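This is my_file-v2.cif (mmCIF, C-alpha atoms).
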data_upload
#
loop_
_atom_site.label_atom_id
_atom_site.label_comp_id
_atom_site.auth_asym_id
_atom_site.auth_seq_id
_atom_site.Cartn_x
_atom_site.Cartn_y
_atom_site.Cartn_z
CA MET H 1 -17.63 5.81 17.76
CA PRO H 2 -18.13 3.70 14.60
CA THR H 3 -15.12 1.66 13.49
CA LEU H 4 -14.10 0.50 10.03
CA ASP H 5 -14.49 -3.26 9.95
CA LEU H 6 -12.62 -4.20 6.78
CA ASP H 7 -11.45 -7.76 6.26
CA LEU H 8 -9.40 -9.36 3.47
CA LYS H 9 -12.49 -10.26 1.40
CA ASP H 10 -13.81 -6.67 1.59
CA PHE H 11 -10.40 -5.39 0.55
CA GLN H 12 -10.25 -7.82 -2.39
CA ALA H 13 -13.73 -6.74 -3.51
CA VAL H 14 -12.85 -3.02 -3.37
CA ALA H 15 -9.57 -3.63 -5.22
CA HIS H 16 -11.25 -5.78 -7.90
CA ASN H 17 -14.03 -3.23 -8.46
CA THR H 18 -11.53 -0.37 -8.71
CA ILE H 19 -9.51 -2.17 -11.38
CA ALA H 20 -12.57 -3.34 -13.36
CA SER H 21 -14.26 0.05 -13.24
CA ASN H 22 -11.15 1.91 -14.43
CA GLN H 23 -10.53 -0.57 -17.24
CA ARG H 24 -14.11 0.03 -18.38
CA LYS H 25 -13.68 3.81 -18.21
CA ILE H 26 -10.51 3.63 -20.35
CA GLU H 27 -12.28 1.45 -22.95
CA LEU H 28 -15.16 3.93 -23.09
CA LEU H 29 -12.77 6.85 -23.36
CA VAL H 30 -10.80 5.29 -26.21
CA GLY H 31 -13.94 4.07 -27.98
CA ALA H 32 -15.59 7.48 -27.89
CA HIS H 33 -12.59 9.40 -29.27
CA ASP H 34 -12.70 10.72 -32.85
CA ASP H 35 -9.15 11.59 -34.09
CA ASP H 36 -10.41 13.89 -36.87
CA ASP H 37 -12.51 16.14 -34.67
CA ASP H 38 -10.56 19.00 -32.93
CA ASP H 39 -13.38 19.76 -30.48
CA ASP H 40 -13.47 16.11 -29.56
CA ASP H 41 -9.70 16.22 -28.90
CA ILE H 42 -10.15 18.87 -26.19
CA GLU H 43 -12.98 16.97 -24.55
CA HIS H 44 -10.97 13.76 -24.79
CA PHE H 45 -7.94 15.28 -23.03
CA GLN H 46 -10.16 16.78 -20.32
CA ALA H 47 -11.87 13.43 -19.76
CA THR H 48 -8.48 11.71 -19.65
CA ARG H 49 -7.13 14.17 -17.09
CA ASP H 50 -10.24 13.66 -14.94
CA LEU H 51 -9.78 9.90 -15.13
CA MET H 52 -6.11 10.22 -14.16
CA LEU H 53 -7.02 12.34 -11.14
CA ASP H 54 -9.63 9.75 -10.12
CA ILE H 55 -7.21 6.81 -10.45
CA GLY H 56 -4.54 8.77 -8.56
CA ALA H 57 -6.96 9.38 -5.69
CA GLU H 58 -8.18 5.77 -5.71
CA GLN H 59 -4.72 4.25 -5.55
CA LEU H 60 -3.86 6.36 -2.50
CA MET H 61 -7.22 5.52 -0.88
CA LEU H 62 -6.55 1.78 -1.43
CA TYR H 63 -3.14 2.12 0.21
CA LYS H 64 -4.69 3.77 3.25
CA LEU H 65 -7.40 1.10 3.44
CA THR H 66 -4.63 -1.52 3.35
CA VAL H 67 -2.91 0.13 6.31
CA LEU H 68 -6.17 0.18 8.26
CA ALA H 69 -6.92 -3.47 7.45
CA ALA H 70 -3.35 -4.45 8.41
CA LYS H 71 -3.67 -2.54 11.70
CA ARG H 72 -6.76 -4.52 12.62
CA ALA H 73 -5.30 -7.92 11.67
CA GLU H 74 -4.10 -10.01 14.60
CA THR H 75 -1.22 -12.10 13.28
CA ALA H 76 1.82 -11.55 11.07
CA SER H 77 0.48 -14.04 8.50
CA GLU H 78 -2.85 -12.17 8.25
CA VAL H 79 -0.97 -8.91 7.76
CA ALA H 80 1.23 -10.58 5.13
CA GLU H 81 -1.89 -11.73 3.21
CA ILE H 82 -3.29 -8.20 3.19
CA TRP H 83 -0.04 -6.70 1.87
CA LYS H 84 0.21 -9.48 -0.73
CA GLU H 85 -3.24 -8.47 -2.05
CA ALA H 86 -2.14 -4.83 -2.05
CA THR H 87 0.96 -5.71 -4.08
CA ILE H 88 -1.22 -7.49 -6.66
CA PHE H 89 -3.56 -4.49 -6.73
CA PHE H 90 -0.76 -1.97 -7.34
CA ASP H 91 0.70 -4.20 -10.03
CA LYS H 92 -2.65 -4.08 -11.82
CA ILE H 93 -2.86 -0.32 -11.29
CA LEU H 94 0.53 0.05 -12.98
CA SER H 95 -0.88 -1.90 -15.96
CA ILE H 96 -3.85 0.48 -15.99
CA TRP H 97 -1.46 3.44 -16.25
CA SER H 98 0.37 1.73 -19.13
CA THR H 99 -2.92 1.08 -20.93
CA LEU H 100 -4.00 4.66 -20.38
CA LEU H 101 -0.72 6.01 -21.75
CA LEU H 102 -0.89 3.76 -24.81
CA SER H 103 -4.34 5.15 -25.56
CA LEU H 104 -2.94 8.67 -25.34
CA ALA H 105 -0.29 8.72 -28.01
CA GLU H 106 -0.52 12.47 -28.46
CA ALA H 107 -1.28 13.77 -25.01
CA ASP H 108 -0.50 17.37 -24.08
CA PRO H 109 2.50 18.13 -21.79
CA GLU H 110 0.27 18.76 -18.75
CA THR H 111 -1.42 15.38 -19.10
CA ASN H 112 1.93 13.69 -19.57
CA ALA H 113 3.30 15.29 -16.38
CA LEU H 114 0.22 14.21 -14.46
CA SER H 115 0.40 10.62 -15.63
CA ASP H 116 4.12 10.51 -14.89
CA HIS H 117 3.51 11.73 -11.33
CA TYR H 118 0.76 9.20 -10.59
CA GLN H 119 2.58 6.33 -12.27
CA LYS H 120 5.63 6.98 -10.06
CA ALA H 121 3.35 7.14 -7.01
CA ALA H 122 1.78 3.78 -7.95
CA ALA H 123 5.24 2.25 -8.37
CA ARG H 124 6.20 3.53 -4.91
CA LEU H 125 3.00 2.11 -3.37
CA LYS H 126 3.71 -1.26 -4.95
CA GLU H 127 7.29 -1.18 -3.63
CA LEU H 128 6.07 -0.36 -0.10
CA SER H 129 3.41 -3.08 -0.24
CA GLN H 130 6.03 -5.62 -1.33
CA ASP H 131 8.37 -4.52 1.50
CA ASN H 132 5.55 -4.80 4.02
CA TYR H 133 4.62 -8.25 2.71
CA GLN H 134 8.24 -9.43 2.92
CA PHE H 135 8.54 -8.21 6.51
CA HIS H 136 5.42 -10.06 7.69
CA VAL H 137 5.60 -13.27 5.70
CA GLU H 138 6.81 -16.29 7.67
CA MET K 1 11.35 -12.24 27.31
CA ILE K 2 10.97 -8.85 25.66
CA SER K 3 11.06 -6.01 28.19
CA ARG K 4 8.33 -3.38 28.20
CA GLU K 5 10.81 -0.65 27.19
CA THR K 6 12.05 -2.69 24.23
CA LEU K 7 8.50 -3.52 23.17
CA GLU K 8 7.48 0.15 23.34
CA ALA K 9 10.49 1.16 21.25
CA TRP K 10 9.74 -1.50 18.65
CA ALA K 11 6.03 -0.59 18.63
CA GLY K 12 6.92 3.04 17.83
CA LEU K 13 9.14 1.95 14.94
CA TYR K 14 6.57 -0.57 13.67
CA ASP K 15 3.81 2.03 13.76
CA LEU K 16 5.91 4.40 11.66
CA SER K 17 7.17 1.72 9.29
CA TYR K 18 4.22 -0.52 8.61
CA GLN K 19 1.13 1.30 9.87
CA ASN K 20 1.81 4.76 8.50
CA LEU K 21 -1.13 6.19 6.59
CA ASP K 22 1.14 8.57 4.69
CA PRO K 23 3.00 6.33 2.22
CA PHE K 24 5.36 9.14 1.23
CA SER K 25 6.45 9.97 4.76
CA SER K 26 10.22 10.36 5.06
CA GLU K 27 10.09 8.69 8.49
CA ILE K 28 9.13 5.29 7.04
CA SER K 29 12.50 4.26 5.59
CA VAL K 30 14.48 5.28 8.68
CA ALA K 31 12.11 3.46 11.06
CA LYS K 32 12.16 0.37 8.82
CA LEU K 33 15.93 0.24 8.87
CA LYS K 34 16.03 0.58 12.67
CA LEU K 35 13.45 -2.16 13.21
CA ASP K 36 15.06 -4.45 10.63
CA GLN K 37 18.30 -4.08 12.59
CA ALA K 38 16.82 -4.28 16.11
CA LEU K 39 14.97 -7.58 15.69
CA PRO K 40 17.94 -9.73 14.51
CA GLU K 41 20.19 -8.06 17.11
CA PHE K 42 17.78 -8.94 19.90
CA TYR K 43 17.41 -12.48 18.56
CA ASP K 44 21.18 -13.02 18.42
CA ALA K 45 21.76 -11.52 21.86
CA ASN K 46 18.88 -13.13 23.73
CA LEU K 47 18.18 -16.43 22.04
CA PRO K 48 21.68 -17.86 21.60
CA GLY K 49 20.48 -21.47 21.85
CA LYS K 50 18.17 -20.79 18.89
CA SER K 51 15.40 -22.80 20.53
CA VAL K 52 13.03 -20.85 18.29
CA THR K 53 13.65 -19.89 14.69
CA PHE K 54 14.09 -16.22 13.82
CA SER K 55 10.88 -16.40 11.79
CA ALA K 56 8.92 -17.68 14.80
CA PHE K 57 10.54 -15.06 17.06
CA LYS K 58 9.69 -12.26 14.62
CA SER K 59 6.11 -13.47 14.29
CA GLU K 60 5.72 -13.47 18.08
CA ALA K 61 7.37 -10.04 18.33
CA ILE K 62 4.91 -8.66 15.73
CA ARG K 63 2.00 -10.20 17.67
CA GLN K 64 3.19 -8.55 20.88
CA ILE K 65 3.82 -5.22 19.14
CA LYS K 66 0.32 -5.23 17.62
CA LYS K 67 -1.19 -6.18 20.98
CA HIS K 68 0.70 -3.33 22.63
CA LEU K 69 -0.38 -0.83 19.96
CA LYS K 70 -4.02 -1.80 20.49
CA THR K 71 -3.75 -0.73 24.14
CA LEU K 72 -2.88 2.82 23.01
CA PRO K 73 -5.55 5.42 22.18
CA PRO K 74 -6.60 5.12 18.51
CA THR K 75 -5.02 7.63 16.15
CA VAL K 76 -7.48 6.90 13.30
#

Translate this structure into structure tokens?
Amino acid sequence: MPTLDLDLKDFQAVAHNTIASNQRKIELLVGAHDDDDDDDDIEHFQATRDLMLDIGAEQLMLYKLTVLAAKRAETASEVAEIWKEATIFFDKILSIWSTLLLSLAEADPETNALSDHYQKAAARLKELSQDNYQFHVE
Amino acid sequence: MISRETLEAWAGLYDLSYQNLDPFSSEISVAKLKLDQALPEFYDANLPGKSVTFSAFKSEAIRQIKKHLKTLPPTV
């Protein structure tokens, strides 16, 4: 049976790419939006919702990858390093949510509820990562 | 010396607390509290001379827990 061989460097690369790619997507989304065009507003909100769903899925996927990498690590200090990276990642993800919300000054109620849900989830994942780091650090 | 029974109990709590794939599981907080309590209690009761620091003891306990968990059939 194939196993997932994910080390700290792989994790850092995945986390970095996730942050960079979502920052780029937000910039494109904001840059392409025309405030005076009603049709564009609808497309803009749909694109924003899609992006929120993607980021929500990615943040959960990164948490699960962190657990798998931590499971495979041998020592407490290795596990601590992995959770430290995860804490940094979720901190950046929280900034991404803030940036996304700032770019959506007039979002519809559905989009607001969605962003609120995922932002709270990201905050919880950061809190858990910090706890897990604190437990393992020497 | 950590007995097999103690190690198994700690491994179960550790697995729930720190190796749980569901970050929103309600079991996590309870297991964390139990493990956070069990380790200092064991240290105080069994290492009264404090020949090792609590940090070193905890690190060794985590190593043994992880080693024990790797002997179990994989769940993922």

* **Distance filter 9 Å, only C-alpha atoms, chain H against chain K, as a count of residues only** => 23

Exercise on range 114-122 of chain H, axis-aligned box with 4 Å per side, report centre and edge lengths in Å to one decimal, as lines of an AutoDock Vina configuration file:
center_x = 2.9
center_y = 9.0
center_z = -11.3
size_x = 13.4
size_y = 18.4
size_z = 16.6

* Report as a ChimeraX atom specification the full result of the PyMOL selection byres ((chain H and resi 28) around 12) when it is applied to this structure. => /H:21-27,29-33,44,47-48,51,100,103

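For the pair CA of Tyr43 in chain K and CA of Thr6 in chain K, the separation is 12.5 Å.
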
* Mind pulling up the distance from CA of Ser115 in chain H to CA of Leu101 in chain H? ->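 Atom-to-atom, CA of Leu101 in chain H and CA of Ser115 in chain H are spaced 7.7 Å apart.
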
* Asked: Looking at all atoms listed in the file, which of K:Ala11, K:Ala31, K:Asp44, K:Ser25 is the one that sits closest to Phe57 in chain K?
  ->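 Comparing K:Ala11, K:Ala31, K:Asp44, K:Ser25 against Phe57 in chain K, the winner is K:Asp44.
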
* **Two-atom distance - CA of Met61 in chain H, CA of Trp83 in chain H (Å)** =>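 Between CA of Met61 in chain H and CA of Trp83 in chain H the gap is 14.4 Å.
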
* Asked: Neighbours of Tyr133 in chain H within 8 Å (all atoms listed in the file; same-chain residues fewer than 6 positions away dropped), as a PyMOL selection string?
  -> chain H and resi 79-84

Output of the above residues as a PDB file, in the coordinates of the input, restricted to C-alpha atoms:
ATOM      1  CA  VAL H  79      -0.970  -8.910   7.760  1.00  0.00           C
ATOM      2  CA  ALA H  80       1.230 -10.580   5.130  1.00  0.00           C
ATOM      3  CA  GLU H  81      -1.890 -11.730   3.210  1.00  0.00           C
ATOM      4  CA  ILE H  82      -3.290  -8.200   3.190  1.00  0.00           C
ATOM      5  CA  TRP H  83      -0.040  -6.700   1.870  1.00  0.00           C
ATOM      6  CA  LYS H  84       0.210  -9.480  -0.730  1.00  0.00           C
TER       7      LYS H  84
END

* Taking the file above as input, evaluate the PyMOL selection byres ((chain H and resi 92) around 12) and report the hits as a list in words. =>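 With the PyMOL selection byres ((chain H and resi 92) around 12) on this model, the match is Ala15, His16, Asn17, Thr18, Ile19, Ala20, Asn22, Gln23, Ile55, Gln59, Glu85, Ala86, Thr87, Ile88, Phe89, Phe90, Asp91, Ile93, Leu94, Ser95, Ile96, Trp97, Ser98, Thr99, Gln119, Ala122, Ala123, Leu125 and Lys126 of chain H.
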